[in-house]
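Here's start-v3.pdb, which has PDB, C-alpha atoms:
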ATOM      1  CA  GLU A   1      34.505 -20.671  28.766
ATOM      2  CA  GLN A   2      32.405 -19.176  25.989
ATOM      3  CA  SER A   3      33.252 -22.051  23.639
ATOM      4  CA  SER A   4      32.314 -24.600  26.302
ATOM      5  CA  LYS A   5      28.969 -22.878  26.797
ATOM      6  CA  GLU A   6      28.324 -22.947  23.055
ATOM      7  CA  GLU A   7      29.105 -26.668  22.974
ATOM      8  CA  GLU A   8      26.738 -27.277  25.869
ATOM      9  CA  GLY A   9      24.000 -25.285  24.091
ATOM     10  CA  ALA A  10      24.554 -27.280  20.902
ATOM     11  CA  GLU A  11      24.267 -30.532  22.863
ATOM     12  CA  GLU A  12      21.029 -29.348  24.447
ATOM     13  CA  GLU A  13      19.581 -28.760  20.981
ATOM     14  CA  LEU A  14      20.410 -32.344  19.998
ATOM     15  CA  SER A  15      18.016 -35.144  20.806
ATOM     16  CA  ALA A  16      18.887 -37.810  23.382
ATOM     17  CA  ALA A  17      19.565 -40.308  20.602
ATOM     18  CA  ASP A  18      21.934 -37.916  18.831
ATOM     19  CA  ARG A  19      23.835 -37.179  22.052
ATOM     20  CA  ILE A  20      24.273 -40.903  22.786
ATOM     21  CA  ARG A  21      25.496 -41.532  19.263
ATOM     22  CA  ALA A  22      27.908 -38.643  19.592
ATOM     23  CA  LYS A  23      29.355 -40.332  22.694
ATOM     24  CA  LEU A  24      29.673 -43.585  20.740
ATOM     25  CA  ARG A  25      31.665 -41.785  18.044
ATOM     26  CA  ALA A  26      33.832 -40.292  20.775
ATOM     27  CA  CYS A  27      34.555 -43.876  21.849
ATOM     28  CA  SER A  28      35.502 -44.776  18.263
ATOM     29  CA  VAL A  29      32.310 -46.792  17.782
ATOM     30  CA  GLU A  30      30.177 -46.274  14.672
ATOM     31  CA  PRO A  31      26.541 -45.702  15.704
ATOM     32  CA  TRP A  32      23.917 -47.986  14.225
ATOM     33  CA  SER A  33      20.745 -46.657  12.637
ATOM     34  CA  LEU A  34      17.365 -47.420  14.150
ATOM     35  CA  GLN A  35      16.614 -49.953  11.398
ATOM     36  CA  GLN A  36      19.902 -51.776  12.024
ATOM     37  CA  VAL A  37      19.261 -52.049  15.749
ATOM     38  CA  GLU A  38      15.651 -53.207  15.178
ATOM     39  CA  SER A  39      16.848 -55.968  12.833
ATOM     40  CA  SER A  40      19.240 -57.242  15.550
ATOM     41  CA  SER A  41      17.101 -56.683  18.672
ATOM     42  CA  PRO A  42      13.529 -58.038  18.905
ATOM     43  CA  TYR A  43      13.063 -55.933  22.045
ATOM     44  CA  VAL A  44      13.776 -52.711  20.146
ATOM     45  CA  ALA A  45      11.655 -53.839  17.169
ATOM     46  CA  SER A  46       8.570 -54.361  19.380
ATOM     47  CA  PHE A  47       9.207 -51.303  21.562
ATOM     48  CA  ASN A  48       6.744 -48.390  21.418
ATOM     49  CA  LEU A  49       5.438 -45.637  23.618
ATOM     50  CA  LYS A  50       2.486 -47.704  24.840
ATOM     51  CA  THR A  51       4.557 -50.724  25.859
ATOM     52  CA  ALA A  52       7.544 -48.750  27.195
ATOM     53  CA  SER A  53       8.532 -50.152  30.586
ATOM     54  CA  ALA A  54      11.623 -49.427  32.662
ATOM     55  CA  ALA A  55      11.175 -52.732  34.509
ATOM     56  CA  ALA A  56      11.140 -54.708  31.254
ATOM     57  CA  TYR A  57      14.299 -52.938  30.052
ATOM     58  CA  ALA A  58      16.072 -53.565  33.363
ATOM     59  CA  ALA A  59      15.196 -57.279  33.202
ATOM     60  CA  GLY A  60      16.501 -57.536  29.640
ATOM     61  CA  LEU A  61      19.640 -55.608  30.519
ATOM     62  CA  LYS A  62      20.416 -58.006  33.338
ATOM     63  CA  ASP A  63      20.117 -60.988  30.999
ATOM     64  CA  ARG A  64      22.267 -59.372  28.317
ATOM     65  CA  LEU A  65      25.032 -58.360  30.719
ATOM     66  CA  SER A  66      25.148 -61.853  32.220
ATOM     67  CA  SER A  67      26.339 -63.283  28.915
ATOM     68  CA  ASN A  68      30.031 -64.063  28.555
ATOM     69  CA  GLU A  69      29.938 -64.068  24.766
ATOM     70  CA  TYR A  70      31.122 -60.452  24.493
ATOM     71  CA  THR A  71      33.464 -58.285  26.500
ATOM     72  CA  LYS A  72      32.060 -55.806  28.990
ATOM     73  CA  ARG A  73      33.022 -52.923  26.722
ATOM     74  CA  GLU A  74      31.238 -54.477  23.761
ATOM     75  CA  GLN A  75      28.201 -55.129  25.906
ATOM     76  CA  ILE A  76      28.134 -51.520  27.139
ATOM     77  CA  MET A  77      28.574 -50.164  23.619
ATOM     78  CA  TRP A  78      25.736 -52.383  22.429
ATOM     79  CA  GLU A  79      23.495 -51.187  25.249
ATOM     80  CA  LEU A  80      24.253 -47.611  24.198
ATOM     81  CA  GLN A  81      23.190 -48.536  20.678
ATOM     82  CA  ILE A  82      19.939 -49.954  22.079
ATOM     83  CA  VAL A  83      19.282 -46.922  24.295
ATOM     84  CA  ALA A  84      19.906 -44.574  21.360
ATOM     85  CA  ALA A  85      17.446 -46.549  19.220
ATOM     86  CA  LEU A  86      14.838 -46.543  22.012
ATOM     87  CA  ALA A  87      15.272 -42.802  22.477
ATOM     88  CA  GLU A  88      14.788 -42.241  18.739
ATOM     89  CA  LYS A  89      11.624 -44.381  18.687
ATOM     90  CA  LEU A  90      10.223 -42.507  21.675
ATOM     91  CA  CYS A  91      10.968 -39.203  19.967
ATOM     92  CA  ILE A  92       9.230 -40.362  16.772
ATOM     93  CA  ASP A  93       6.189 -41.634  18.678
ATOM     94  CA  ARG A  94       5.970 -38.409  20.656
ATOM     95  CA  LYS A  95       6.127 -36.272  17.495
ATOM     96  CA  GLU A  96       3.431 -38.395  15.836
ATOM     97  CA  ARG A  97       1.202 -38.050  18.882
ATOM     98  CA  GLU A  98       1.781 -34.318  19.011
ATOM     99  CA  ALA A  99       0.940 -34.077  15.311
ATOM    100  CA  ARG A 100      -2.319 -35.977  15.897
ATOM    101  CA  VAL A 101      -3.161 -33.739  18.838
ATOM    102  CA  VAL A 102      -2.481 -30.628  16.751
ATOM    103  CA  GLU A 103      -4.679 -31.989  13.947
ATOM    104  CA  GLN A 104      -7.482 -32.779  16.396
ATOM    105  CA  GLU A 105      -7.238 -29.316  17.917
ATOM    106  CA  LYS A 106      -7.388 -27.822  14.416
ATOM    107  CA  GLN A 107     -10.518 -29.815  13.619
ATOM    108  CA  LEU A 108     -12.095 -28.794  16.915
ATOM    109  CA  ARG A 109     -11.343 -25.129  16.230
ATOM    110  CA  GLU A 110     -12.915 -25.422  12.783
ATOM    111  CA  GLU A 111     -15.991 -27.136  14.219
ATOM    112  CA  MET A 112     -16.286 -24.458  16.908
ATOM    113  CA  ALA A 113     -15.999 -21.725  14.267
ATOM    114  CA  ASN A 114     -18.725 -23.374  12.167
ATOM    115  CA  LEU A 115     -20.905 -23.806  15.246
ATOM    116  CA  ARG A 116     -20.397 -20.156  16.153
ATOM    117  CA  LYS A 117     -21.469 -19.127  12.637
ATOM    118  CA  ASP A 118     -24.572 -21.329  12.878
ATOM    119  CA  ILE A 119     -25.478 -19.771  16.219
ATOM    120  CA  GLU A 120     -25.053 -16.254  14.836
ATOM    121  CA  THR A 121     -27.194 -17.134  11.810
ATOM    122  CA  GLY A 122     -29.873 -18.616  14.072
ATOM    123  CA  GLU A 123     -29.876 -15.545  16.312
ATOM    124  CA  GLU A 124     -30.223 -13.251  13.306
ATOM    125  CA  ARG A 125     -33.117 -15.348  12.018
ATOM    126  CA  LEU A 126     -34.825 -15.261  15.411
ATOM    127  CA  LYS A 127     -34.371 -11.491  15.508
ATOM    128  CA  LYS A 128     -36.087 -11.103  12.114
ATOM    129  CA  MET A 129     -38.901 -13.438  13.173
ATOM    130  CA  SER A 130     -39.391 -11.433  16.360
ATOM    131  CA  ILE A 131     -39.677  -8.206  14.344
ATOM    132  CA  THR A 132     -42.189  -9.823  11.971
ATOM    133  CA  LEU A 133     -44.218 -11.150  14.900
ATOM    134  CA  GLY A 134     -44.313  -7.692  16.494
ATOM    135  CA  THR A 135     -45.521  -6.159  13.224
ATOM    136  CA  CYS A 136     -48.301  -8.753  12.977
ATOM    137  CA  GLN A 137     -49.381  -8.084  16.554
ATOM    138  CA  LEU A 138     -49.607  -4.339  15.872
ATOM    139  CA  ALA A 139     -51.658  -4.996  12.736
ATOM    140  CA  LEU A 140     -54.062  -7.214  14.683
ATOM    141  CA  GLN A 141     -54.462  -4.552  17.342
ATOM    142  CA  LYS A 142     -55.373  -1.919  14.709
ATOM    143  CA  HIS A 143     -57.673  -4.217  12.715
ATOM    144  CA  PRO A 144     -58.972  -6.944  15.026
ATOM    145  CA  LYS A 145     -60.419  -9.936  13.259
ATOM    146  CA  PRO A 146     -64.149 -10.498  14.050
ATOM    147  CA  VAL A 147     -64.941 -13.423  16.249
ATOM    148  CA  PRO A 148     -66.669 -16.102  14.125
ATOM    149  CA  SER A 149     -70.268 -16.939  15.078
ATOM    150  CA  PRO A 150     -71.570 -20.538  15.294
ATOM    151  CA  LEU A 151     -74.289 -19.495  12.804
ATOM    152  CA  ASP A 152     -71.623 -18.894  10.174
ATOM    153  CA  ALA A 153     -71.224 -22.638   9.868
ATOM    154  CA  ILE A 154     -74.917 -23.070   8.802
ATOM    155  CA  PRO A 155     -75.245 -23.035   4.997
ATOM    156  CA  ALA A 156     -77.387 -20.264   3.516
ATOM    157  CA  ILE A 157     -80.965 -21.185   2.472
ATOM    158  CA  PRO A 158     -81.671 -20.346  -1.188
ATOM    159  CA  PRO A 159     -84.496 -17.800  -1.727
ATOM    160  CA  VAL A 160     -87.983 -19.118  -2.562
ATOM    161  CA  PRO A 161     -89.092 -17.987  -6.060
ATOM    162  CA  ILE A 162     -92.124 -15.650  -6.086
ATOM    163  CA  GLY A 163     -94.912 -16.523  -8.532
ATOM    164  CA  PRO A 164     -96.681 -19.628  -9.750
ATOM    165  CA  PRO A 165     -94.808 -22.684 -10.841
ATOM    166  CA  ALA A 166     -93.856 -23.040 -14.451
ATOM    167  CA  GLY A 167     -96.923 -23.692 -16.686
ATOM    168  CA  LEU A 168     -99.503 -21.973 -14.411
ATOM    169  CA  ALA A 169    -101.048 -18.550 -14.956
ATOM    170  CA  PRO A 170     -99.863 -15.881 -12.596
ATOM    171  CA  PRO A 171    -102.310 -14.944  -9.805
ATOM    172  CA  LEU A 172    -104.670 -12.014 -10.399
ATOM    173  CA  GLY A 173    -104.175  -8.799  -8.559
ATOM    174  CA  PRO A 174    -107.101  -6.736  -7.201
ATOM    175  CA  GLY A 175    -107.509  -4.718 -10.408
ATOM    176  CA  ALA A 176    -107.227  -7.676 -12.713
ATOM    177  CA  TRP A 177    -109.739  -9.633 -10.605
ATOM    178  CA  ALA A 178    -112.347  -6.856 -10.835
ATOM    179  CA  ALA A 179    -111.838  -6.609 -14.573
ATOM    180  CA  ALA A 180    -112.307 -10.346 -14.929
ATOM    181  CA  GLN A 181    -115.581 -10.195 -12.907
ATOM    182  CA  ALA A 182    -116.922  -7.343 -15.069
ATOM    183  CA  SER A 183    -116.034  -9.199 -18.265
ATOM    184  CA  SER A 184    -117.826 -12.300 -17.022
ATOM    185  CA  ALA A 185    -120.948 -10.262 -16.176
ATOM    186  CA  LEU A 186    -121.021  -8.637 -19.572
ATOM    187  CA  SER A 187    -120.739 -11.986 -21.301
ATOM    188  CA  ALA A 188    -123.685 -13.329 -19.317
ATOM    189  CA  ALA A 189    -125.832 -10.246 -20.131
ATOM    190  CA  ALA A 190    -125.188 -10.545 -23.829
ATOM    191  CA  GLN A 191    -126.641 -14.072 -24.013
ATOM    192  CA  PRO A 192    -130.493 -14.282 -24.804
ATOM    193  CA  PHE A 193    -132.745 -15.032 -21.909
ATOM    194  CA  GLU A 194    -134.499 -18.332 -22.028
ATOM    195  CA  PRO A 195    -137.327 -18.904 -19.576
ATOM    196  CA  PRO A 196    -137.196 -22.081 -17.696
ATOM    197  CA  ARG A 197    -139.138 -24.864 -19.291
ATOM    198  CA  SER A 198    -141.961 -26.572 -17.501
ATOM    199  CA  GLY A 199    -142.780 -30.135 -18.202
ATOM    200  CA  PRO A 200    -141.000 -32.515 -20.383
ATOM    201  CA  PRO A 201    -139.506 -31.189 -23.532
TER     202      PRO A 201
END
Hey, can you dump this file as structure tokens for me?
Amino acid sequence: EQSSKEEEGAEEELSAADRIRAKLRACSVEPWSLQQVESSSPYVASFNLKTASAAAYAAGLKDRLSSNEYTKREQIMWELQIVAALAEKLCIDRKEREARVVEQEKQLREEMANLRKDIETGEERLKKMSITLGTCQLALQKHPKPVPSPLDAIPAIPPVPIGPPAGLAPPLGPGAWAAAQASSALSAAAQPFEPPRSGPP
């Protein structure tokens, strides 16, 4: 009983194609490889997971079994060869699809990890900006900036120079004016007096 259970477990580990080929060997029939069956059967050569159809196989099976070219045993053995090849192709297609799915999941995980890092970096940057903004607000509260006046936009008028224009004598002050009057009077007194003349000269 134990040996039979071990054999059953070993068969379960085998793929469907391997189990069918094992039955062919038990019937003294050498199993064909997938390439050999594909070269002899256009149906197997064009078969894939997308076009797999039980109805199409059943229709082809009916046509093949209706032929009288081979014995029933040969026909059955050939159908087992075909089924083993189809099972192998399905297994290969399934493994390829699973590999693609695993690769896509890996890429998605990497993209999610990168996105998570970008989000963390952005949050850290926002945190620093928030701290800087709070510091600026406190500084403005302690030292408020004066409100600009509309008059600040008017340009300043240059000062007017005090004094006479270039080339003119400066104006006389009160003391200088009195001194000038006294000097003029003294000059007039120093000149000889001439009486006015009467008549023609």
Translate the PyMOL selection byres ((chain A and resi 74-79) around 10), as applied to the file shown, into an explicit residue set as a PDB file with C-alpha atoms, keeping the file's coordinate frame.
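This is the output file result.pdb:
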ATOM      1  CA  LYS A  23      29.355 -40.332  22.694  1.00  0.00           C
ATOM      2  CA  LEU A  24      29.673 -43.585  20.740  1.00  0.00           C
ATOM      3  CA  CYS A  27      34.555 -43.876  21.849  1.00  0.00           C
ATOM      4  CA  VAL A  29      32.310 -46.792  17.782  1.00  0.00           C
ATOM      5  CA  GLU A  30      30.177 -46.274  14.672  1.00  0.00           C
ATOM      6  CA  PRO A  31      26.541 -45.702  15.704  1.00  0.00           C
ATOM      7  CA  TRP A  32      23.917 -47.986  14.225  1.00  0.00           C
ATOM      8  CA  VAL A  37      19.261 -52.049  15.749  1.00  0.00           C
ATOM      9  CA  LEU A  61      19.640 -55.608  30.519  1.00  0.00           C
ATOM     10  CA  ARG A  64      22.267 -59.372  28.317  1.00  0.00           C
ATOM     11  CA  LEU A  65      25.032 -58.360  30.719  1.00  0.00           C
ATOM     12  CA  SER A  66      25.148 -61.853  32.220  1.00  0.00           C
ATOM     13  CA  SER A  67      26.339 -63.283  28.915  1.00  0.00           C
ATOM     14  CA  ASN A  68      30.031 -64.063  28.555  1.00  0.00           C
ATOM     15  CA  GLU A  69      29.938 -64.068  24.766  1.00  0.00           C
ATOM     16  CA  TYR A  70      31.122 -60.452  24.493  1.00  0.00           C
ATOM     17  CA  THR A  71      33.464 -58.285  26.500  1.00  0.00           C
ATOM     18  CA  LYS A  72      32.060 -55.806  28.990  1.00  0.00           C
ATOM     19  CA  ARG A  73      33.022 -52.923  26.722  1.00  0.00           C
ATOM     20  CA  LEU A  80      24.253 -47.611  24.198  1.00  0.00           C
ATOM     21  CA  GLN A  81      23.190 -48.536  20.678  1.00  0.00           C
ATOM     22  CA  ILE A  82      19.939 -49.954  22.079  1.00  0.00           C
ATOM     23  CA  VAL A  83      19.282 -46.922  24.295  1.00  0.00           C
ATOM     24  CA  ALA A  84      19.906 -44.574  21.360  1.00  0.00           C
ATOM     25  CA  ALA A  85      17.446 -46.549  19.220  1.00  0.00           C
TER      26      ALA A  85
END
Exercise for the section: In Å, rounded to a single decimal, give me how far CA of Asp63 (chain A) is from CA of Ile92 (chain A). Expected result: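 Distance between the two atoms: 27.3 Å.
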Practice task
Do a neighbour search on Thr51 (chain A) at 12 Å with only C-alpha atoms, toss out local chain neighbours closer than 4 positions, and write the hits as a VMD selection string.
Solution key: chain A and resid 43 to 47 55 to 57 86 89 to 90 93
Problem - Length of the CA of Leu108 (chain A) to CA of Lys95 (chain A) vector [Å] - result: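 Between these atoms lies a distance of 19.7 Å.
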Problem - CA of Ala52 (chain A) to CA of Glu96 (chain A), distance in Å rounded to a single decimal - result: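 Here the two named atoms are 15.9 Å from each other.
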Enclose region 43-59 of chain A, meaning all of its atoms listed in the file, in a box aligned along x, y and z, pad it by 3 Å on each side, and list the centre and edge lengths in Å to one decimal, as AutoDock Vina command-line options.
--center_x 9.3 --center_y -51.5 --center_z 25.8 --size_x 19.6 --size_y 17.6 --size_z 23.3
